[in-house]
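Quick look at structure26.cif (mmCIF, C-alpha atoms and all ligand atoms):
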data_final
#
loop_
_atom_site.label_atom_id
_atom_site.label_comp_id
_atom_site.auth_asym_id
_atom_site.auth_seq_id
_atom_site.Cartn_x
_atom_site.Cartn_y
_atom_site.Cartn_z
CA MET A 1 244.06 80.25 -15.19
CA ASN A 2 243.18 81.48 -11.69
CA PHE A 3 241.45 79.44 -9.04
CA THR A 4 237.93 80.93 -9.53
CA LYS A 5 238.00 80.12 -13.25
CA LEU A 6 239.14 76.61 -12.49
CA VAL A 7 236.25 76.04 -10.06
CA LYS A 8 233.77 77.43 -12.62
CA LEU A 9 235.18 75.16 -15.31
CA ALA A 10 234.97 72.15 -13.00
CA ALA A 11 231.36 73.00 -12.09
CA ALA A 12 230.40 73.45 -15.76
CA THR A 13 232.03 70.13 -16.65
CA ALA A 14 230.22 68.37 -13.83
CA LEU A 15 226.89 69.85 -14.96
CA ALA A 16 227.49 68.90 -18.60
CA THR A 17 228.43 65.35 -17.57
CA GLN A 18 225.34 65.09 -15.40
CA LEU A 19 223.12 66.31 -18.26
CA ALA A 20 224.77 63.91 -20.69
CA TYR A 21 224.18 60.94 -18.40
CA SER A 22 220.82 61.94 -16.98
CA HIS A 23 219.11 59.67 -19.54
CA GLU A 24 216.06 61.84 -19.71
CA TYR A 25 214.22 62.01 -23.01
CA LEU A 26 214.99 65.56 -24.20
CA THR A 27 212.45 67.16 -26.56
CA SER A 28 214.90 70.04 -27.09
CA ARG A 29 217.12 67.81 -29.25
CA PRO A 30 216.93 68.06 -33.06
CA ASP A 31 216.53 64.27 -33.21
CA SER A 32 213.62 64.20 -30.76
CA HIS A 33 211.47 64.33 -33.90
CA ALA A 34 211.67 61.44 -36.37
CA PRO A 35 212.94 61.98 -39.94
CA ILE A 36 210.46 64.32 -41.66
CA MET A 37 208.68 61.71 -43.81
CA VAL A 38 207.53 59.86 -40.67
CA MET A 39 204.10 61.05 -39.49
CA ALA A 40 202.57 60.73 -36.02
CA ASP A 41 206.00 60.24 -34.42
CA HIS A 42 205.65 62.47 -31.37
CA ALA A 43 203.11 63.82 -28.92
CA HIS A 44 203.00 67.19 -27.16
CA SER A 45 202.73 68.38 -23.57
CA LYS A 46 199.45 69.74 -22.26
CA GLY A 47 198.50 73.07 -23.84
CA GLU A 48 201.06 72.98 -26.67
CA TRP A 49 200.25 73.71 -30.31
CA MET A 50 202.35 72.91 -33.37
CA LEU A 51 202.06 74.01 -36.98
CA SER A 52 203.87 72.22 -39.79
CA VAL A 53 204.27 72.40 -43.56
CA ARG A 54 205.86 69.65 -45.64
CA GLN A 55 206.64 69.84 -49.34
CA MET A 56 206.96 66.37 -50.85
CA ARG A 57 207.84 65.13 -54.30
CA MET A 58 207.65 61.61 -55.69
CA GLU A 59 209.06 60.84 -59.11
CA MET A 60 208.18 57.67 -61.02
CA ASP A 61 209.86 56.79 -64.30
CA GLY A 62 209.50 53.64 -66.40
CA MET A 63 207.32 50.57 -65.99
CA ARG A 64 207.86 47.46 -63.89
CA SER A 65 206.28 44.06 -63.43
CA GLY A 66 207.24 42.26 -60.23
CA THR A 67 210.90 43.11 -59.73
CA ASP A 68 211.71 43.58 -63.45
CA SER A 69 211.74 46.85 -65.39
CA LEU A 70 209.71 46.84 -68.62
CA SER A 71 209.93 48.81 -71.86
CA SER A 72 206.85 50.47 -73.38
CA GLU A 73 206.92 47.84 -76.17
CA GLN A 74 206.62 45.09 -73.54
CA VAL A 75 203.53 46.82 -72.13
CA PHE A 76 201.99 47.02 -75.63
CA ALA A 77 202.84 43.33 -76.13
CA ALA A 78 200.65 42.63 -73.06
CA ASN A 79 197.73 44.08 -75.07
CA TYR A 80 197.47 47.55 -73.62
CA THR A 81 196.76 50.51 -75.94
CA VAL A 82 198.38 53.14 -73.72
CA THR A 83 201.22 52.96 -71.21
CA PRO A 84 202.24 55.53 -68.62
CA THR A 85 205.90 56.49 -69.00
CA ARG A 86 206.48 58.93 -66.13
CA MET A 87 204.64 60.49 -63.20
CA THR A 88 205.40 63.28 -60.75
CA MET A 89 203.42 63.90 -57.60
CA ASP A 90 203.95 67.07 -55.56
CA MET A 91 202.18 67.37 -52.26
CA THR A 92 202.08 70.26 -49.80
CA MET A 93 200.99 68.90 -46.43
CA PHE A 94 199.70 71.35 -43.83
CA GLY A 95 199.52 70.07 -40.28
CA ILE A 96 198.29 71.28 -36.91
CA MET A 97 198.79 69.50 -33.58
CA HIS A 98 197.37 70.30 -30.16
CA ALA A 99 197.58 68.53 -26.83
CA PRO A 100 194.52 69.19 -24.66
CA SER A 101 196.22 67.01 -22.02
CA ASP A 102 199.45 65.08 -21.54
CA LYS A 103 197.50 61.91 -22.33
CA VAL A 104 196.45 62.78 -25.88
CA THR A 105 197.67 64.90 -28.79
CA LEU A 106 195.25 65.70 -31.61
CA MET A 107 196.51 66.09 -35.16
CA LEU A 108 194.95 67.32 -38.40
CA MET A 109 196.71 67.01 -41.77
CA ALA A 110 195.48 68.57 -45.03
CA PRO A 111 197.33 67.85 -48.31
CA TYR A 112 197.29 69.93 -51.49
CA ILE A 113 198.24 67.66 -54.40
CA GLU A 114 199.54 68.24 -57.93
CA THR A 115 200.10 65.29 -60.25
CA GLU A 116 201.31 64.93 -63.80
CA MET A 117 201.52 61.74 -65.89
CA ASP A 118 203.10 61.23 -69.33
CA HIS A 119 201.79 58.47 -71.63
CA LEU A 120 202.76 56.72 -74.85
CA ILE A 121 200.18 55.30 -77.30
CA PHE A 122 200.67 51.94 -79.07
CA GLY A 123 201.92 52.79 -82.59
CA MET A 124 199.18 50.90 -84.49
CA ALA A 125 196.45 52.52 -82.37
CA ALA A 126 197.66 56.11 -82.54
CA PRO A 127 196.04 56.91 -85.94
CA LEU A 128 192.76 55.34 -84.77
CA ILE A 129 192.41 57.66 -81.83
CA ALA A 130 193.04 60.68 -83.99
CA LEU A 131 195.96 62.54 -82.52
CA ASN A 132 195.93 65.18 -85.24
CA ASP A 133 199.54 66.17 -84.77
CA GLY A 134 200.68 62.56 -85.26
CA SER A 135 202.15 62.49 -81.77
CA ARG A 136 202.00 59.30 -79.72
CA ASN A 137 202.48 61.15 -76.43
CA PHE A 138 200.04 62.89 -74.16
CA THR A 139 200.15 64.25 -70.62
CA THR A 140 197.42 64.48 -68.02
CA SER A 141 197.42 66.42 -64.77
CA SER A 142 195.29 67.11 -61.72
CA SER A 143 195.51 69.38 -58.70
CA GLY A 144 193.51 70.18 -55.59
CA TRP A 145 192.99 69.30 -51.95
CA GLY A 146 193.38 65.63 -51.03
CA ASP A 147 192.04 63.55 -48.15
CA VAL A 148 192.13 65.25 -44.74
CA LYS A 149 193.40 63.09 -41.86
CA ILE A 150 192.47 63.50 -38.20
CA SER A 151 194.28 61.50 -35.53
CA ALA A 152 194.68 61.08 -31.80
CA LEU A 153 198.16 60.19 -30.54
CA ILE A 154 198.32 58.52 -27.15
CA PRO A 155 201.58 58.03 -25.20
CA PHE A 156 201.24 54.77 -23.24
CA TRP A 157 204.69 53.91 -21.93
CA GLU A 158 207.96 55.59 -21.00
CA SER A 159 211.22 54.79 -19.26
CA GLU A 160 213.99 57.28 -18.55
CA ASN A 161 215.14 57.65 -22.15
CA GLN A 162 212.57 55.72 -24.19
CA LYS A 163 208.89 56.13 -24.89
CA ALA A 164 206.07 54.69 -26.95
CA GLN A 165 202.76 55.91 -28.25
CA TYR A 166 199.97 54.61 -30.36
CA GLY A 167 197.77 56.54 -32.74
CA ILE A 168 194.36 56.05 -34.19
CA GLY A 169 193.14 58.22 -37.04
CA LEU A 170 190.67 58.61 -39.84
CA SER A 171 191.32 59.63 -43.44
CA LEU A 172 188.23 61.43 -44.72
CA PRO A 173 187.20 61.35 -48.41
CA THR A 174 187.60 65.12 -48.96
CA GLY A 175 189.77 64.66 -52.09
CA SER A 176 188.03 64.42 -55.49
CA ILE A 177 187.84 61.04 -57.25
CA GLY A 178 186.09 62.50 -60.31
CA GLU A 179 189.08 64.32 -61.81
CA GLN A 180 189.04 64.44 -65.61
CA ASP A 181 191.46 65.62 -68.27
CA LEU A 182 191.64 65.64 -72.07
CA ILE A 183 192.51 62.07 -73.05
CA PRO A 184 192.76 60.70 -76.61
CA GLY A 185 190.35 57.89 -77.41
CA PRO A 186 187.24 57.06 -79.41
CA GLY A 187 185.74 60.39 -80.47
CA GLY A 188 189.05 62.23 -80.21
CA ARG A 189 190.69 64.04 -77.36
CA ILE A 190 187.91 64.75 -74.91
CA ALA A 191 187.52 65.13 -71.16
CA ARG A 192 187.45 61.68 -69.54
CA GLN A 193 187.73 60.21 -66.05
CA MET A 194 191.36 59.69 -65.03
CA PRO A 195 192.64 56.54 -63.28
CA ALA A 196 193.12 56.25 -59.52
CA PRO A 197 196.79 57.41 -59.35
CA MET A 198 195.70 60.75 -60.83
CA GLN A 199 192.78 61.16 -58.43
CA LEU A 200 193.21 63.45 -55.43
CA GLY A 201 191.53 61.20 -52.88
CA SER A 202 190.70 57.57 -52.17
CA GLY A 203 186.95 58.18 -52.02
CA THR A 204 186.79 56.09 -48.85
CA ILE A 205 186.94 56.51 -45.10
CA ASP A 206 190.18 54.85 -44.01
CA LEU A 207 191.38 53.86 -40.54
CA LEU A 208 194.93 54.97 -39.65
CA PRO A 209 196.40 52.92 -36.77
CA SER A 210 200.04 53.40 -35.76
CA ILE A 211 202.45 52.49 -32.99
CA THR A 212 205.75 54.30 -32.46
CA PHE A 213 208.73 53.63 -30.21
CA VAL A 214 211.64 56.07 -29.76
CA GLY A 215 214.77 56.19 -27.62
CA GLN A 216 217.68 58.54 -26.96
CA GLU A 217 221.28 57.89 -26.06
CA GLU A 218 223.92 60.53 -25.39
CA GLY A 219 224.92 61.37 -28.95
CA TRP A 220 222.40 59.42 -30.98
CA SER A 221 218.83 58.18 -31.05
CA TYR A 222 216.63 55.57 -32.69
CA GLY A 223 213.02 54.81 -33.40
CA ALA A 224 210.59 52.46 -35.06
CA GLN A 225 207.02 52.72 -36.25
CA ALA A 226 204.40 50.37 -37.66
CA SER A 227 201.39 51.93 -39.34
CA GLY A 228 198.44 51.01 -41.50
CA ARG A 229 195.82 52.46 -43.77
CA LEU A 230 192.73 50.25 -43.75
CA ARG A 231 189.92 51.02 -46.20
CA THR A 232 186.46 50.54 -44.77
CA GLU A 233 184.27 50.59 -47.92
CA ASP A 234 184.15 50.84 -51.72
CA ASN A 235 183.99 54.38 -53.10
CA HIS A 236 181.20 55.69 -55.34
CA HIS A 237 183.22 54.86 -58.48
CA GLY A 238 182.95 51.17 -57.55
CA TYR A 239 186.48 50.44 -56.39
CA ARG A 240 188.63 50.81 -53.33
CA LEU A 241 192.40 51.12 -53.13
CA GLY A 242 194.44 48.41 -51.38
CA HIS A 243 195.03 48.35 -47.66
CA GLN A 244 198.49 49.61 -46.71
CA LEU A 245 200.89 48.43 -44.01
CA ALA A 246 204.26 50.03 -43.32
CA ALA A 247 207.15 49.34 -40.96
CA THR A 248 210.06 51.74 -40.57
CA GLY A 249 213.13 52.02 -38.36
CA TRP A 250 215.69 54.79 -38.09
CA THR A 251 218.72 56.03 -36.26
CA ALA A 252 219.99 59.60 -35.93
CA MET A 253 223.37 61.03 -34.93
CA LYS A 254 223.51 64.37 -33.15
CA ALA A 255 225.87 66.98 -34.58
CA GLY A 256 225.94 69.70 -31.93
CA GLU A 257 222.84 71.01 -30.20
CA SER A 258 220.98 72.06 -33.34
CA ALA A 259 221.47 69.41 -36.01
CA SER A 260 221.12 65.67 -36.49
CA PHE A 261 221.61 63.29 -39.41
CA SER A 262 219.36 60.28 -39.91
CA LEU A 263 219.34 56.99 -41.80
CA ARG A 264 216.08 55.09 -42.20
CA ALA A 265 214.69 51.94 -43.77
CA ASN A 266 211.02 51.78 -44.75
CA TYR A 267 209.05 48.74 -45.86
CA GLN A 268 205.62 49.29 -47.40
CA TYR A 269 203.00 46.77 -48.46
CA THR A 270 200.00 47.84 -50.55
CA GLY A 271 197.19 45.35 -51.23
CA GLU A 272 195.37 44.90 -54.51
CA MET A 273 192.63 47.22 -55.66
CA HIS A 274 189.19 45.85 -54.83
CA GLY A 275 186.46 46.21 -57.48
CA GLN A 276 187.15 47.86 -60.82
CA GLN A 277 187.22 51.40 -62.25
CA SER A 278 184.29 50.52 -64.46
CA ASP A 279 184.22 53.79 -66.43
CA ILE A 280 187.78 53.34 -67.76
CA ALA A 281 188.60 49.59 -67.50
CA PHE A 282 187.35 48.26 -70.84
CA ASN A 283 188.48 47.19 -74.30
CA PRO A 284 188.21 50.14 -76.72
CA PRO A 285 185.64 49.50 -79.51
CA PHE A 286 188.19 50.27 -82.26
CA ALA A 287 190.58 47.62 -80.90
CA PRO A 288 188.44 45.03 -79.09
CA SER A 289 191.39 42.70 -78.46
CA ARG A 290 193.26 45.39 -76.53
CA ARG A 291 192.74 47.06 -73.18
CA THR A 292 192.76 50.83 -72.61
CA VAL A 293 195.57 51.73 -70.20
CA THR A 294 197.36 49.79 -67.45
CA THR A 295 196.22 52.17 -64.70
CA ALA A 296 192.56 51.39 -65.48
CA PHE A 297 192.78 47.76 -64.31
CA ALA A 298 192.71 46.53 -60.71
CA GLU A 299 195.35 43.83 -61.28
CA ASN A 300 197.93 46.60 -61.86
CA TYR A 301 197.71 47.91 -58.30
CA GLY A 302 199.51 47.04 -55.09
CA GLY A 303 202.87 45.52 -54.26
CA GLN A 304 205.76 45.94 -51.89
CA LYS A 305 208.76 48.18 -51.65
CA LEU A 306 211.75 48.74 -49.43
CA GLU A 307 213.25 52.23 -49.32
CA LEU A 308 216.39 53.63 -47.72
CA SER A 309 216.49 57.29 -46.81
CA ALA A 310 218.87 59.90 -45.45
CA GLY A 311 217.78 63.05 -43.67
CA VAL A 312 218.79 66.12 -41.69
CA ASN A 313 216.89 67.72 -38.78
CA LEU A 314 217.76 71.30 -37.77
CA TYR A 315 216.53 72.91 -34.56
CA PRO A 316 218.40 76.21 -34.07
CA LYS A 317 218.50 77.56 -30.51
CA ARG A 318 219.58 81.11 -31.45
CA GLY A 319 219.15 83.59 -34.29
CA PRO A 320 216.10 84.59 -36.31
CA PHE A 321 214.88 80.97 -36.61
CA ALA A 322 215.42 80.02 -32.97
CA ASN A 323 213.07 77.18 -31.97
CA HIS A 324 211.84 76.57 -35.52
CA ARG A 325 212.44 73.08 -36.83
CA PHE A 326 213.59 72.46 -40.41
CA ALA A 327 214.14 69.05 -41.93
CA ILE A 328 214.82 67.33 -45.21
CA GLU A 329 214.74 63.65 -46.17
CA PHE A 330 215.51 61.86 -49.43
CA ALA A 331 214.41 58.26 -50.10
CA ILE A 332 215.39 55.77 -52.78
CA PRO A 333 213.69 52.41 -53.27
CA VAL A 334 216.19 49.55 -53.14
CA TRP A 335 213.61 46.84 -53.88
CA GLN A 336 210.17 47.02 -55.54
CA ASP A 337 207.90 44.06 -56.25
CA LEU A 338 204.83 45.41 -58.03
CA ASN A 339 201.62 43.58 -58.97
CA GLY A 340 200.81 43.54 -62.70
CA LEU A 341 202.28 46.41 -64.73
CA GLN A 342 202.97 49.69 -62.93
CA LEU A 343 205.22 52.73 -62.91
CA GLU A 344 208.24 52.22 -60.66
CA THR A 345 209.33 54.80 -58.10
CA ASP A 346 212.65 56.59 -58.70
CA TYR A 347 212.86 58.67 -55.53
CA SER A 348 210.89 60.73 -53.07
CA ALA A 349 211.97 63.81 -51.17
CA THR A 350 210.43 65.89 -48.40
CA ILE A 351 211.38 69.24 -46.92
CA GLY A 352 209.55 70.47 -43.86
CA TRP A 353 209.07 73.20 -41.28
CA GLN A 354 207.63 72.78 -37.78
CA LYS A 355 207.02 75.26 -34.97
CA ALA A 356 205.55 74.58 -31.55
CA TRP A 357 204.20 77.02 -28.99
CU CU A 401 204.09 68.16 -33.21
#

Using C-alpha cells, write down the structure from this file.
Ligand SMILES: [Cu+2]
Amino acid sequence: MNFTKLVKLAAATALATQLAYSHEYLTSRPDSHAPIMVMADHAHSKGEWMLSVRQMRMEMDGMRSGTDSLSSEQVFAANYTVTPTRMTMDMTMFGIMHAPSDKVTLMLMAPYIETEMDHLIFGMAAPLIALNDGSRNFTTSSSGWGDVKISALIPFWESENQKAQYGIGLSLPTGSIGEQDLIPGPGGRIARQMPAPMQLGSGTIDLLPSITFVGQEEGWSYGAQASGRLRTEDNHHGYRLGHQLAATGWTAMKAGESASFSLRANYQYTGEMHGQQSDIAFNPPFAPSRRTVTTAFAENYGGQKLELSAGVNLYPKRGPFANHRFAIEFAIPVWQDLNGLQLETDYSATIGWQKAW
C-alpha cells in the first residue's frame, strides 16, 4: 500500500467515524420509517410527496370468550343459532403524503377491503332454516372501499438523534354499512344485512389522535406511538363501534445501508359497541329462546390484545429500485381478552411499498 492510498484510507475512515457519531437523525436509513403496520410514524420536509401501497391480511379462526378458546358447541350452548368459525380480511391501503411546509405533513389513506366469514348453524336449527342441501355451513363476503382517513402530522420536538410528532386526523364514513349477502334464516336463504365485522366502514366520523417518538443510534433505532380512534356519533344503523386506543413500541437493527430488522409489541384496547344492530340482533321467530348470531349483539364486541411482530424494511440505494422502500411485517397475538363471544385473531401480515419525491 503506497502513501497516497494510506492517506485516502485514513480520510475515509475519519469521515465514516464522523458520520457514525454525528448523531443526526438520518432519513436515508431503512429504519427511519417505523415497521410497516405503524401509520403516521413520520413527517416529510417541505415540498416532498410520498405515495404508498400496503397489502394487509388478518386471519381469524375459532371462537373465544375472555382469554379462553371456545368450540362451536359451546357457542350453541350459550343460545346462539349461528356461530362464525373463521374470517379473513384483506385490505389494500393506498396512501399519499405531502408536506406543504416543514411544520406539517398532510396524509390521506384510502382502503379497499375484502372480507369473508364462514359460519356453522346449530344442528337442531339447520332444518328449520331450510338449507336444502342439508349443509350446516355458509359463507358470506363483502368488498369495496372503506373509510377514508385524512390527517395532519405535526413535528413538535427534536434533539440531535430523536424527534417527536403528534397527529390529528379524521376517519370519514365513506365505507358502506349496508352490505348484504345471502344468509339462511326464516324464509330461506335471502339477502340480509350483515353484521358490523363484515361492513366496509364504521358509519361514523371518528377522530384519530396520535403521538409518536423515534430515536436513532449508530446501528439501531427505536420508537413508540400512542394512538386512538374516537367515535363521535351513532351511525344510521343505530350503533357505533367501540373507541380504540393503542400503544406500540419497537426497535430495529440496521443490516447494512439498505436493510433493517424490527421487533415490535402492540397493545390494543377496543371498547364495547354502543347501541344495537337492531335489524339483525333478535331472537328468530322459529326458535324464540335462541339468538341469531354472535356478531349481531353488542355485548360480543370489544376487548384487548397484545401482539408481537417481526418486520423487515428495505431501502435500496442502487439498482432499478433505488430509493423505493419495501417492507413486510408479521404479527401474532400473544394475549387476547375478548368481551362476550368473538372470533380470535390468528395472525396479521402487511407488505408495503413507499416512494417519496
Ligand atoms: Cu411518508

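Taking all atoms listed in the file into account, ligand CU 401 (chain A) has within 9 Å the residues His33, Ala40, Asp41, His42, Ala43, His44, Glu48, Trp49, Met50, Leu51, Ser52, Gly95, Ile96, Met97, His98, Thr105, Met107, Gln354, Lys355 and Ala356 of chain A.
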
Open item on the list: Could you tell me how far atom CA of His236 of chain A sits from atom CA of Gln199 of chain A, in Å to one decimal place?
Closed with: 13.2 Å

Open item on the list: Taking 5 positions as the minimum chain separation for residues in the same chain, which residues sit within 12 Å of Pro155 of chain A when counting only C-alpha atoms? Answer as a PyMOL selection string.
Closed with: chain A and resi 40-45+99+101-106+162-168+210-214

Store the residues of this selection in a file with C-alpha atoms, as an mmCIF file, keeping the file's coordinate frame.
data_model
loop_
_atom_site.group_PDB
_atom_site.id
_atom_site.type_symbol
_atom_site.label_atom_id
_atom_site.label_comp_id
_atom_site.auth_asym_id
_atom_site.auth_seq_id
_atom_site.Cartn_x
_atom_site.Cartn_y
_atom_site.Cartn_z
ATOM 1 C CA ALA A 40 202.570 60.730 -36.020
ATOM 2 C CA ASP A 41 206.000 60.240 -34.420
ATOM 3 C CA HIS A 42 205.650 62.470 -31.370
ATOM 4 C CA ALA A 43 203.110 63.820 -28.920
ATOM 5 C CA HIS A 44 203.000 67.190 -27.160
ATOM 6 C CA SER A 45 202.730 68.380 -23.570
ATOM 7 C CA ALA A 99 197.580 68.530 -26.830
ATOM 8 C CA SER A 101 196.220 67.010 -22.020
ATOM 9 C CA ASP A 102 199.450 65.080 -21.540
ATOM 10 C CA LYS A 103 197.500 61.910 -22.330
ATOM 11 C CA VAL A 104 196.450 62.780 -25.880
ATOM 12 C CA THR A 105 197.670 64.900 -28.790
ATOM 13 C CA LEU A 106 195.250 65.700 -31.610
ATOM 14 C CA GLN A 162 212.570 55.720 -24.190
ATOM 15 C CA LYS A 163 208.890 56.130 -24.890
ATOM 16 C CA ALA A 164 206.070 54.690 -26.950
ATOM 17 C CA GLN A 165 202.760 55.910 -28.250
ATOM 18 C CA TYR A 166 199.970 54.610 -30.360
ATOM 19 C CA GLY A 167 197.770 56.540 -32.740
ATOM 20 C CA ILE A 168 194.360 56.050 -34.190
ATOM 21 C CA SER A 210 200.040 53.400 -35.760
ATOM 22 C CA ILE A 211 202.450 52.490 -32.990
ATOM 23 C CA THR A 212 205.750 54.300 -32.460
ATOM 24 C CA PHE A 213 208.730 53.630 -30.210
ATOM 25 C CA VAL A 214 211.640 56.070 -29.760
#

TODO: State, in Å with one decimal place, the distance from atom CA of Ala196 of chain A to atom CA of Thr295 of chain A.
DONE: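 For atom CA of Ala196 of chain A relative to atom CA of Thr295 of chain A, the distance reads 7.3 Å.
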
Open item on the list: With distances taken over all atoms listed in the file, which residue among A:Ile190, A:Gly238, A:Phe76, A:Met39 lies nearest Gly169 of chain A?
Closed with: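 The shortest atom-to-atom distance to Gly169 of chain A comes from A:Met39.
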
Task: Among listed residues A:Asp181, A:Glu158, A:Asp346, A:Asp337, nearest Glu116 of chain A (using only C-alpha atoms) - done: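 Looking at the shortest contact to Glu116 of chain A, the residue is A:Asp181.
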
Task: Nearest-residue call for Lys317 of chain A, choices A:Leu108, A:Val293, A:Gln216, A:Ala259, using all atoms listed in the file - done: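 Nearest to Lys317 of chain A: A:Ala259.
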
Task: Point-to-point distance in Å for atom CA of Glu114 of chain A and atom CA of Asn313 of chain A - done: 25.8 Å
